[in-house]
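start.cif follows; it contains mmCIF, C-alpha atoms.
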data_upload
loop_
_atom_site.group_PDB
_atom_site.id
_atom_site.type_symbol
_atom_site.label_atom_id
_atom_site.label_comp_id
_atom_site.auth_asym_id
_atom_site.auth_seq_id
_atom_site.Cartn_x
_atom_site.Cartn_y
_atom_site.Cartn_z
ATOM 1 C CA MET G 1 -62.775 -3.906 24.815
ATOM 2 C CA LYS G 2 -63.310 -6.267 27.720
ATOM 3 C CA GLN G 3 -66.126 -5.451 30.117
ATOM 4 C CA THR G 4 -63.973 -5.304 33.277
ATOM 5 C CA PRO G 5 -61.591 -2.529 32.080
ATOM 6 C CA LEU G 6 -64.581 -0.734 30.557
ATOM 7 C CA ALA G 7 -66.481 -0.871 33.850
ATOM 8 C CA ILE G 8 -63.461 0.435 35.770
ATOM 9 C CA ARG G 9 -62.940 3.379 33.413
ATOM 10 C CA LEU G 10 -66.578 4.351 33.207
ATOM 11 C CA GLY G 11 -67.016 3.826 36.948
ATOM 12 C CA ARG G 12 -64.204 6.223 37.787
ATOM 13 C CA ASN G 13 -65.674 8.786 35.427
ATOM 14 C CA ASP G 14 -69.145 8.389 36.966
ATOM 15 C CA LEU G 15 -67.806 8.886 40.493
ATOM 16 C CA ARG G 16 -65.979 12.000 39.342
ATOM 17 C CA LEU G 17 -69.121 13.418 37.712
ATOM 18 C CA ILE G 18 -71.313 12.618 40.729
ATOM 19 C CA GLY G 19 -68.726 14.137 43.079
ATOM 20 C CA ARG G 20 -68.778 17.412 41.140
ATOM 21 C CA ASP G 21 -72.571 17.696 41.071
ATOM 22 C CA GLN G 22 -73.953 18.865 44.419
ATOM 23 C CA LEU G 23 -77.508 18.141 43.311
ATOM 24 C CA LEU G 24 -76.705 14.495 42.684
ATOM 25 C CA ILE G 25 -74.932 14.186 46.034
ATOM 26 C CA SER G 26 -77.914 15.773 47.781
ATOM 27 C CA MET G 27 -80.146 13.026 46.378
ATOM 28 C CA PHE G 28 -78.167 10.366 48.248
ATOM 29 C CA VAL G 29 -78.227 12.463 51.414
ATOM 30 C CA PHE G 30 -81.983 12.746 50.985
ATOM 31 C CA ALA G 31 -82.254 8.935 50.894
ATOM 32 C CA LEU G 32 -80.542 8.706 54.285
ATOM 33 C CA LEU G 33 -82.678 11.454 55.826
ATOM 34 C CA LEU G 34 -85.840 9.884 54.436
ATOM 35 C CA SER G 35 -84.894 6.523 55.952
ATOM 36 C CA LEU G 36 -84.336 8.061 59.370
ATOM 37 C CA ALA G 37 -87.609 9.972 59.136
ATOM 38 C CA LEU G 38 -89.519 6.795 58.313
ATOM 39 C CA ARG G 39 -87.729 4.776 60.996
ATOM 40 C CA TYR G 40 -88.431 7.162 63.857
ATOM 41 C CA GLY G 41 -91.194 9.381 62.509
ATOM 42 C CA LEU G 42 -93.762 6.740 61.590
ATOM 43 C CA PRO G 43 -93.898 5.057 65.033
ATOM 44 C CA TRP G 44 -94.138 8.463 66.717
ATOM 45 C CA LEU G 45 -96.898 9.595 64.358
ATOM 46 C CA ASN G 46 -98.751 6.304 64.802
ATOM 47 C CA GLU G 47 -98.717 6.750 68.585
ATOM 48 C CA TYR G 48 -99.683 10.418 68.368
ATOM 49 C CA LEU G 49 -102.670 9.810 66.072
ATOM 50 C CA SER G 50 -103.816 6.892 68.202
ATOM 51 C CA GLN G 51 -103.689 8.879 71.452
ATOM 52 C CA HIS G 52 -105.677 11.742 69.902
ATOM 53 C CA GLY G 53 -108.361 9.493 68.435
ATOM 54 C CA VAL G 54 -107.560 10.272 64.802
ATOM 55 C CA MET G 55 -106.315 6.887 63.556
ATOM 56 C CA PRO G 56 -108.274 4.924 64.554
ATOM 57 C CA GLY G 57 -111.126 7.387 64.832
ATOM 58 C CA GLU G 58 -114.498 8.307 63.382
ATOM 59 C CA LEU G 59 -113.164 9.064 59.911
ATOM 60 C CA VAL G 60 -110.456 6.385 59.729
ATOM 61 C CA GLY G 61 -111.166 3.155 61.524
ATOM 62 C CA ARG G 62 -107.662 1.696 61.307
ATOM 63 C CA PRO G 63 -104.397 2.804 62.945
ATOM 64 C CA LEU G 64 -101.609 4.295 60.896
ATOM 65 C CA TYR G 65 -99.590 1.136 61.497
ATOM 66 C CA SER G 66 -101.919 -0.818 59.195
ATOM 67 C CA TYR G 67 -100.864 1.487 56.342
ATOM 68 C CA TYR G 68 -97.128 0.965 56.825
ATOM 69 C CA PRO G 69 -96.879 -1.534 53.921
ATOM 70 C CA PRO G 70 -97.974 0.882 51.137
ATOM 71 C CA ILE G 71 -96.097 3.795 52.714
ATOM 72 C CA LEU G 72 -92.816 1.920 53.057
ATOM 73 C CA ALA G 73 -93.155 0.197 49.685
ATOM 74 C CA HIS G 74 -93.721 3.493 47.906
ATOM 75 C CA MET G 75 -91.079 5.493 49.744
ATOM 76 C CA ILE G 76 -88.322 2.840 49.805
ATOM 77 C CA LEU G 77 -88.778 0.136 47.191
ATOM 78 C CA TYR G 78 -89.959 2.545 44.505
ATOM 79 C CA ASN G 79 -88.674 6.005 45.379
ATOM 80 C CA GLY G 80 -85.343 4.680 46.664
ATOM 81 C CA ALA G 81 -84.698 2.929 43.359
ATOM 82 C CA ALA G 82 -86.146 5.823 41.338
ATOM 83 C CA LEU G 83 -83.755 8.183 43.107
ATOM 84 C CA VAL G 84 -80.760 6.164 41.907
ATOM 85 C CA GLY G 85 -82.274 5.871 38.444
ATOM 86 C CA THR G 86 -82.692 9.634 38.280
ATOM 87 C CA VAL G 87 -79.032 10.194 39.186
ATOM 88 C CA PHE G 88 -77.806 7.851 36.479
ATOM 89 C CA GLY G 89 -80.417 9.139 34.060
ATOM 90 C CA PHE G 90 -78.907 12.606 34.349
ATOM 91 C CA LEU G 91 -75.449 11.142 33.826
ATOM 92 C CA LEU G 92 -76.700 9.580 30.605
ATOM 93 C CA LEU G 93 -78.319 12.844 29.540
ATOM 94 C CA GLY G 94 -75.054 14.653 30.242
ATOM 95 C CA GLU G 95 -73.182 12.278 27.961
ATOM 96 C CA LYS G 96 -75.937 12.661 25.396
ATOM 97 C CA ASP G 97 -75.661 16.478 25.513
ATOM 98 C CA ASP G 98 -71.861 16.342 25.316
ATOM 99 C CA ARG G 99 -72.089 14.081 22.249
ATOM 100 C CA THR G 100 -70.116 11.413 24.057
ATOM 101 C CA TRP G 101 -72.241 8.820 22.298
ATOM 102 C CA CYS G 102 -71.077 10.058 18.905
ATOM 103 C CA ALA G 103 -67.431 9.872 20.002
ATOM 104 C CA MET G 104 -68.001 6.372 21.346
ATOM 105 C CA LEU G 105 -68.842 5.092 17.860
ATOM 106 C CA VAL G 106 -65.208 5.492 16.780
ATOM 107 C CA THR G 107 -63.842 3.696 19.863
ATOM 108 C CA PRO G 108 -63.670 -0.035 20.708
ATOM 109 C CA VAL G 109 -66.597 0.467 23.106
ATOM 110 C CA SER G 110 -69.785 -0.995 21.628
ATOM 111 C CA PRO G 111 -73.192 0.551 22.403
ATOM 112 C CA LEU G 112 -74.270 -2.806 23.832
ATOM 113 C CA GLY G 113 -71.259 -3.003 26.146
ATOM 114 C CA TYR G 114 -71.759 0.615 27.202
ATOM 115 C CA LEU G 115 -75.434 0.093 28.041
ATOM 116 C CA GLY G 116 -74.647 -3.213 29.743
ATOM 117 C CA TYR G 117 -72.323 -1.375 32.109
ATOM 118 C CA ARG G 118 -74.876 1.378 32.699
ATOM 119 C CA VAL G 119 -77.620 -1.112 33.573
ATOM 120 C CA ALA G 120 -75.328 -3.146 35.839
ATOM 121 C CA ALA G 121 -73.927 -0.106 37.660
ATOM 122 C CA THR G 122 -77.356 1.464 38.145
ATOM 123 C CA SER G 123 -78.771 -1.813 39.450
ATOM 124 C CA ALA G 124 -75.836 -2.232 41.854
ATOM 125 C CA PHE G 125 -76.263 1.275 43.277
ATOM 126 C CA GLY G 126 -80.014 0.714 43.429
ATOM 127 C CA PHE G 127 -79.509 -2.438 45.464
ATOM 128 C CA LEU G 128 -77.180 -0.687 47.924
ATOM 129 C CA ILE G 129 -79.531 2.259 48.429
ATOM 130 C CA VAL G 130 -82.726 0.203 48.740
ATOM 131 C CA ALA G 131 -81.119 -2.427 50.976
ATOM 132 C CA GLY G 132 -79.695 0.316 53.185
ATOM 133 C CA MET G 133 -83.052 2.076 53.430
ATOM 134 C CA LEU G 134 -84.832 -1.188 54.245
ATOM 135 C CA ALA G 135 -82.289 -1.952 56.956
ATOM 136 C CA VAL G 136 -82.603 1.511 58.519
ATOM 137 C CA THR G 137 -86.409 1.555 58.471
ATOM 138 C CA HIS G 138 -86.839 -2.112 59.437
ATOM 139 C CA GLN G 139 -90.036 -2.436 61.489
ATOM 140 C CA GLY G 140 -89.558 -6.058 62.524
ATOM 141 C CA GLN G 141 -92.320 -7.565 60.373
ATOM 142 C CA LEU G 142 -89.912 -9.134 57.878
ATOM 143 C CA GLY G 143 -86.953 -11.414 58.451
ATOM 144 C CA LEU G 144 -83.582 -9.837 57.821
ATOM 145 C CA TRP G 145 -82.890 -12.422 55.107
ATOM 146 C CA GLN G 146 -85.947 -11.221 53.175
ATOM 147 C CA LEU G 147 -84.703 -7.639 52.883
ATOM 148 C CA PRO G 148 -81.862 -8.275 50.382
ATOM 149 C CA VAL G 149 -84.156 -10.427 48.214
ATOM 150 C CA LEU G 150 -86.687 -7.610 47.992
ATOM 151 C CA ALA G 151 -83.847 -5.143 47.392
ATOM 152 C CA VAL G 152 -82.729 -7.175 44.372
ATOM 153 C CA GLY G 153 -86.197 -6.898 42.862
ATOM 154 C CA ALA G 154 -86.440 -3.174 43.601
ATOM 155 C CA ALA G 155 -82.922 -2.501 42.297
ATOM 156 C CA LEU G 156 -84.036 -3.315 38.750
ATOM 157 C CA THR G 157 -86.418 -0.358 38.879
ATOM 158 C CA ALA G 158 -83.386 1.965 38.911
ATOM 159 C CA PRO G 159 -82.115 1.217 35.373
ATOM 160 C CA ILE G 160 -85.681 1.390 34.038
ATOM 161 C CA VAL G 161 -85.981 4.929 35.410
ATOM 162 C CA ALA G 162 -82.534 5.917 34.094
ATOM 163 C CA LEU G 163 -83.222 4.564 30.607
ATOM 164 C CA PHE G 164 -86.752 5.993 30.518
ATOM 165 C CA ILE G 165 -85.455 9.482 31.338
ATOM 166 C CA THR G 166 -82.785 9.141 28.663
ATOM 167 C CA VAL G 167 -85.234 7.986 26.004
ATOM 168 C CA THR G 168 -87.951 10.573 26.671
ATOM 169 C CA ALA G 169 -85.854 13.670 27.493
ATOM 170 C CA GLU G 170 -83.700 15.601 25.045
ATOM 171 C CA ASN G 171 -81.742 17.471 27.705
ATOM 172 C CA LYS G 172 -81.451 17.914 31.465
ATOM 173 C CA VAL G 173 -84.210 20.540 31.553
ATOM 174 C CA GLN G 174 -86.677 18.062 30.080
ATOM 175 C CA GLY G 175 -85.112 15.437 32.312
ATOM 176 C CA PHE G 176 -86.357 17.237 35.429
ATOM 177 C CA ALA G 177 -89.913 17.157 34.063
ATOM 178 C CA VAL G 178 -89.655 13.455 33.232
ATOM 179 C CA ALA G 179 -88.211 12.726 36.687
ATOM 180 C CA LYS G 180 -91.220 14.477 38.224
ATOM 181 C CA PHE G 181 -93.526 12.284 36.154
ATOM 182 C CA VAL G 182 -91.631 9.182 37.299
ATOM 183 C CA SER G 183 -92.086 10.245 40.915
ATOM 184 C CA LEU G 184 -95.824 10.762 40.446
ATOM 185 C CA ALA G 185 -96.119 7.366 38.729
ATOM 186 C CA GLY G 186 -95.288 5.809 42.090
ATOM 187 C CA GLY G 187 -98.820 6.716 43.139
ATOM 188 C CA ILE G 188 -99.901 3.624 41.203
ATOM 189 C CA ILE G 189 -98.365 1.530 43.975
ATOM 190 C CA VAL G 190 -100.313 3.287 46.725
ATOM 191 C CA LEU G 191 -103.521 3.106 44.691
ATOM 192 C CA GLY G 192 -103.014 -0.605 44.086
ATOM 193 C CA TRP G 193 -102.924 -1.274 47.829
ATOM 194 C CA PHE G 194 -106.601 -0.269 48.138
ATOM 195 C CA VAL G 195 -107.761 -2.524 45.280
ATOM 196 C CA ALA G 196 -108.927 -6.005 46.223
ATOM 197 C CA GLU G 197 -107.522 -9.140 44.650
ATOM 198 C CA PRO G 198 -107.572 -10.463 41.996
ATOM 199 C CA TRP G 199 -107.975 -7.017 40.388
ATOM 200 C CA GLN G 200 -104.922 -5.821 42.275
ATOM 201 C CA TRP G 201 -102.734 -7.939 39.997
ATOM 202 C CA LEU G 202 -103.693 -5.745 37.030
ATOM 203 C CA PHE G 203 -101.416 -3.085 38.494
ATOM 204 C CA GLY G 204 -98.580 -5.505 37.736
ATOM 205 C CA LEU G 205 -98.630 -4.095 34.201
ATOM 206 C CA PHE G 206 -96.544 -1.425 35.926
ATOM 207 C CA PRO G 207 -93.656 -3.811 36.786
ATOM 208 C CA PRO G 208 -92.312 -1.961 39.883
ATOM 209 C CA PHE G 209 -95.698 -2.594 41.502
ATOM 210 C CA LEU G 210 -94.907 -6.306 41.680
ATOM 211 C CA VAL G 211 -91.955 -5.655 43.994
ATOM 212 C CA SER G 212 -94.247 -3.794 46.371
ATOM 213 C CA LYS G 213 -96.822 -6.581 46.064
ATOM 214 C CA ALA G 214 -94.163 -9.094 47.112
ATOM 215 C CA TYR G 215 -93.284 -6.855 50.057
ATOM 216 C CA TRP G 216 -96.900 -6.780 51.194
ATOM 217 C CA MET G 217 -97.177 -10.544 50.864
ATOM 218 C CA ALA G 218 -94.042 -11.051 52.953
ATOM 219 C CA TRP G 219 -95.323 -8.509 55.496
ATOM 220 C CA ASN G 220 -98.527 -10.545 55.883
ATOM 221 C CA GLY G 221 -96.623 -13.809 56.256
ATOM 222 C CA ALA G 222 -97.356 -15.318 52.814
ATOM 223 C CA THR G 223 -94.894 -18.037 51.872
ATOM 224 C CA ASP G 224 -95.046 -17.502 48.096
ATOM 225 C CA TRP G 225 -93.911 -13.872 48.141
ATOM 226 C CA TRP G 226 -90.623 -14.865 46.509
ATOM 227 C CA ALA G 227 -92.475 -16.002 43.366
ATOM 228 C CA THR G 228 -93.814 -12.466 42.960
ATOM 229 C CA VAL G 229 -90.263 -11.121 43.303
ATOM 230 C CA CYS G 230 -89.169 -13.460 40.521
ATOM 231 C CA LEU G 231 -92.055 -12.267 38.340
ATOM 232 C CA ALA G 232 -91.051 -8.664 39.040
ATOM 233 C CA ILE G 233 -87.458 -9.405 38.030
ATOM 234 C CA VAL G 234 -88.566 -10.982 34.738
ATOM 235 C CA MET G 235 -90.976 -8.171 33.851
ATOM 236 C CA GLN G 236 -88.527 -5.440 34.725
ATOM 237 C CA GLY G 237 -85.806 -7.264 32.787
ATOM 238 C CA ILE G 238 -88.001 -7.266 29.690
ATOM 239 C CA MET G 239 -88.691 -3.552 30.067
ATOM 240 C CA THR G 240 -84.978 -2.827 30.561
ATOM 241 C CA MET G 241 -84.089 -4.718 27.374
ATOM 242 C CA TRP G 242 -86.752 -2.852 25.406
ATOM 243 C CA LEU G 243 -85.540 0.551 26.621
ATOM 244 C CA SER G 244 -81.915 -0.455 25.955
ATOM 245 C CA HIS G 245 -82.867 -1.334 22.394
ATOM 246 C CA ARG G 246 -84.448 2.101 21.995
ATOM 247 C CA ILE G 247 -81.279 3.818 23.190
ATOM 248 C CA THR G 248 -79.088 1.644 20.947
ATOM 249 C CA ARG G 249 -81.108 2.857 17.968
ATOM 250 C CA ILE G 250 -80.660 6.452 19.121
ATOM 251 C CA ILE G 251 -76.881 5.969 19.440
#

Represent the structure contained in this file as structure tokens.
Amino acid sequence: MKQTPLAIRLGRNDLRLIGRDQLLISMFVFALLLSLALRYGLPWLNEYLSQHGVMPGELVGRPLYSYYPPILAHMILYNGAALVGTVFGFLLLGEKDDRTWCAMLVTPVSPLGYLGYRVAATSAFGFLIVAGMLAVTHQGQLGLWQLPVLAVGAALTAPIVALFITVTAENKVQGFAVAKFVSLAGGIIVLGWFVAEPWQWLFGLFPPFLVSKAYWMAWNGATDWWATVCLAIVMQGIMTMWLSHRITRII
């Protein structure tokens, strides 16, 4: 079966499944609300803490504004993509529970073609969500042309999350626990911000960190930030292929 008809059929089915699941819809609404909160809440909180002598103050010598890079990277580049990955991860788990994979083996749809669509669709949705969140929360430090480039790198985190949930969870109940673990794993990005170079690069063993690293470099005006995005794309691509191979064996 050709990929285009396959993508159309599976895409219609995905939209139908997402439309019926209020929890999945609420996740996308949450992304919009989070973006608005970051866009208007962070500047207000920065001003409030500054006026009351908290940040900067005796305990924290820097204003909240100086911590925008790790906050925005964690909440948008990682959590935005992880949110999409969680949605599609539950779609995969649903098909796994319904034994759709078994039925697929007697159809013209190959496991490789099926997973190729899943990865492409998840990445596309991840790009739209992350790019939208970056646009809404834009603080003026980055050029508008840089946002879609960073969104491309972050978008590849989405299929990693979806495939990881599918590989490690047997059902949707376990999927919720795995999704919680994925969310907590984002703390690696925040922790990495406080580690000095060159040791900071060790956190790149967690590939989504490299996207945030590129964001910080662009925020600080570094001209080679794009090379870090490319490295993030390669590393996340390798992880996606490895997880896809695991799922193919399961199918």

Practice task
Figure out the distance between CA of Ile251 (chain G) and CA of Ser183 (chain G), please, to one decimal in Å.
Solution key: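 It comes out at 26.7 Å.
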
Practice task
Figure out the distance between CA of Ala82 (chain G) and CA of Val161 (chain G), please, to one decimal in Å.
Solution key: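 Between these atoms lies a distance of 6.0 Å.
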
Exercise for the section: Would you mind listing what lies within 10 Å of Ala218 (chain G) as a list in words, with only C-alpha atoms counted and same-chain residues fewer than 3 positions away left out? Expected result: Pro69, Gln141, Leu142, Gly143, Gln146, Leu147, Leu150, Ser212, Lys213, Ala214, Tyr215, Gly221, Ala222, Thr223, Asp224, Trp225 and Trp226 of chain G

Expected file contents, prior selection, C-alpha atoms, as a short mmCIF file (atom, residue, chain, number, x, y, z; two decimals), in the frame of the given file:
data_model
loop_
_atom_site.label_atom_id
_atom_site.label_comp_id
_atom_site.auth_asym_id
_atom_site.auth_seq_id
_atom_site.Cartn_x
_atom_site.Cartn_y
_atom_site.Cartn_z
CA PRO G 69 -96.88 -1.53 53.92
CA GLN G 141 -92.32 -7.56 60.37
CA LEU G 142 -89.91 -9.13 57.88
CA GLY G 143 -86.95 -11.41 58.45
CA GLN G 146 -85.95 -11.22 53.18
CA LEU G 147 -84.70 -7.64 52.88
CA LEU G 150 -86.69 -7.61 47.99
CA SER G 212 -94.25 -3.79 46.37
CA LYS G 213 -96.82 -6.58 46.06
CA ALA G 214 -94.16 -9.09 47.11
CA TYR G 215 -93.28 -6.86 50.06
CA GLY G 221 -96.62 -13.81 56.26
CA ALA G 222 -97.36 -15.32 52.81
CA THR G 223 -94.89 -18.04 51.87
CA ASP G 224 -95.05 -17.50 48.10
CA TRP G 225 -93.91 -13.87 48.14
CA TRP G 226 -90.62 -14.86 46.51
#

Exercise for the section: Go ahead and compute the interatomic distance for CA of Val190 (chain G) and CA of Asn79 (chain G), in Å to one decimal. Expected result: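 One can read the CA of Val190 (chain G) to CA of Asn79 (chain G) distance as 12.0 Å.
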
Exercise for the section: May I have the protein, DNA and RNA residues with an atom at most 9 Å from (-98.6, 1.7, 42.8), counting all atoms listed in the file in the file's coordinates, returned as an MDAnalysis selection string? Expected result: chainID G and resid 70 73:74 78 185:193 203:204 206 208:210 212

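Distance check against Trp201 (chain G) using all atoms listed in the file: of G:Ala232, G:Leu64, G:Tyr114, G:Ala31, the minimum falls on G:Ala232.
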
Exercise for the section: For each of G:Met55, G:Leu83, G:Val173, G:Leu112, take the minimum atom-to-atom distance to Tyr67 (chain G), counting only C-alpha atoms, then give the residue where this is smallest. Expected result: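 Answer, going by the shortest atom-to-atom distance: G:Met55.
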
Handout entry: Expected selection from the PyMOL selection byres ((chain G and resi 125) around 10), given as a PyMOL selection string
Key = chain G and resi 81+84-85+88+120-124+126-131+155+158-159

Handout entry: Proximity to Gly175 (chain G) - best of G:Leu163, G:Val195, G:Ala37, G:Pro63, all atoms listed in the file
Key = G:Leu163

Exercise for the section: Using all atoms listed in the file, find the one residue out of G:Thr157, G:Thr86, G:Thr166, G:Gln200 that sits nearest to Ile233 (chain G). Expected result: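 Looking at the shortest contact to Ile233 (chain G), the residue is G:Thr157.
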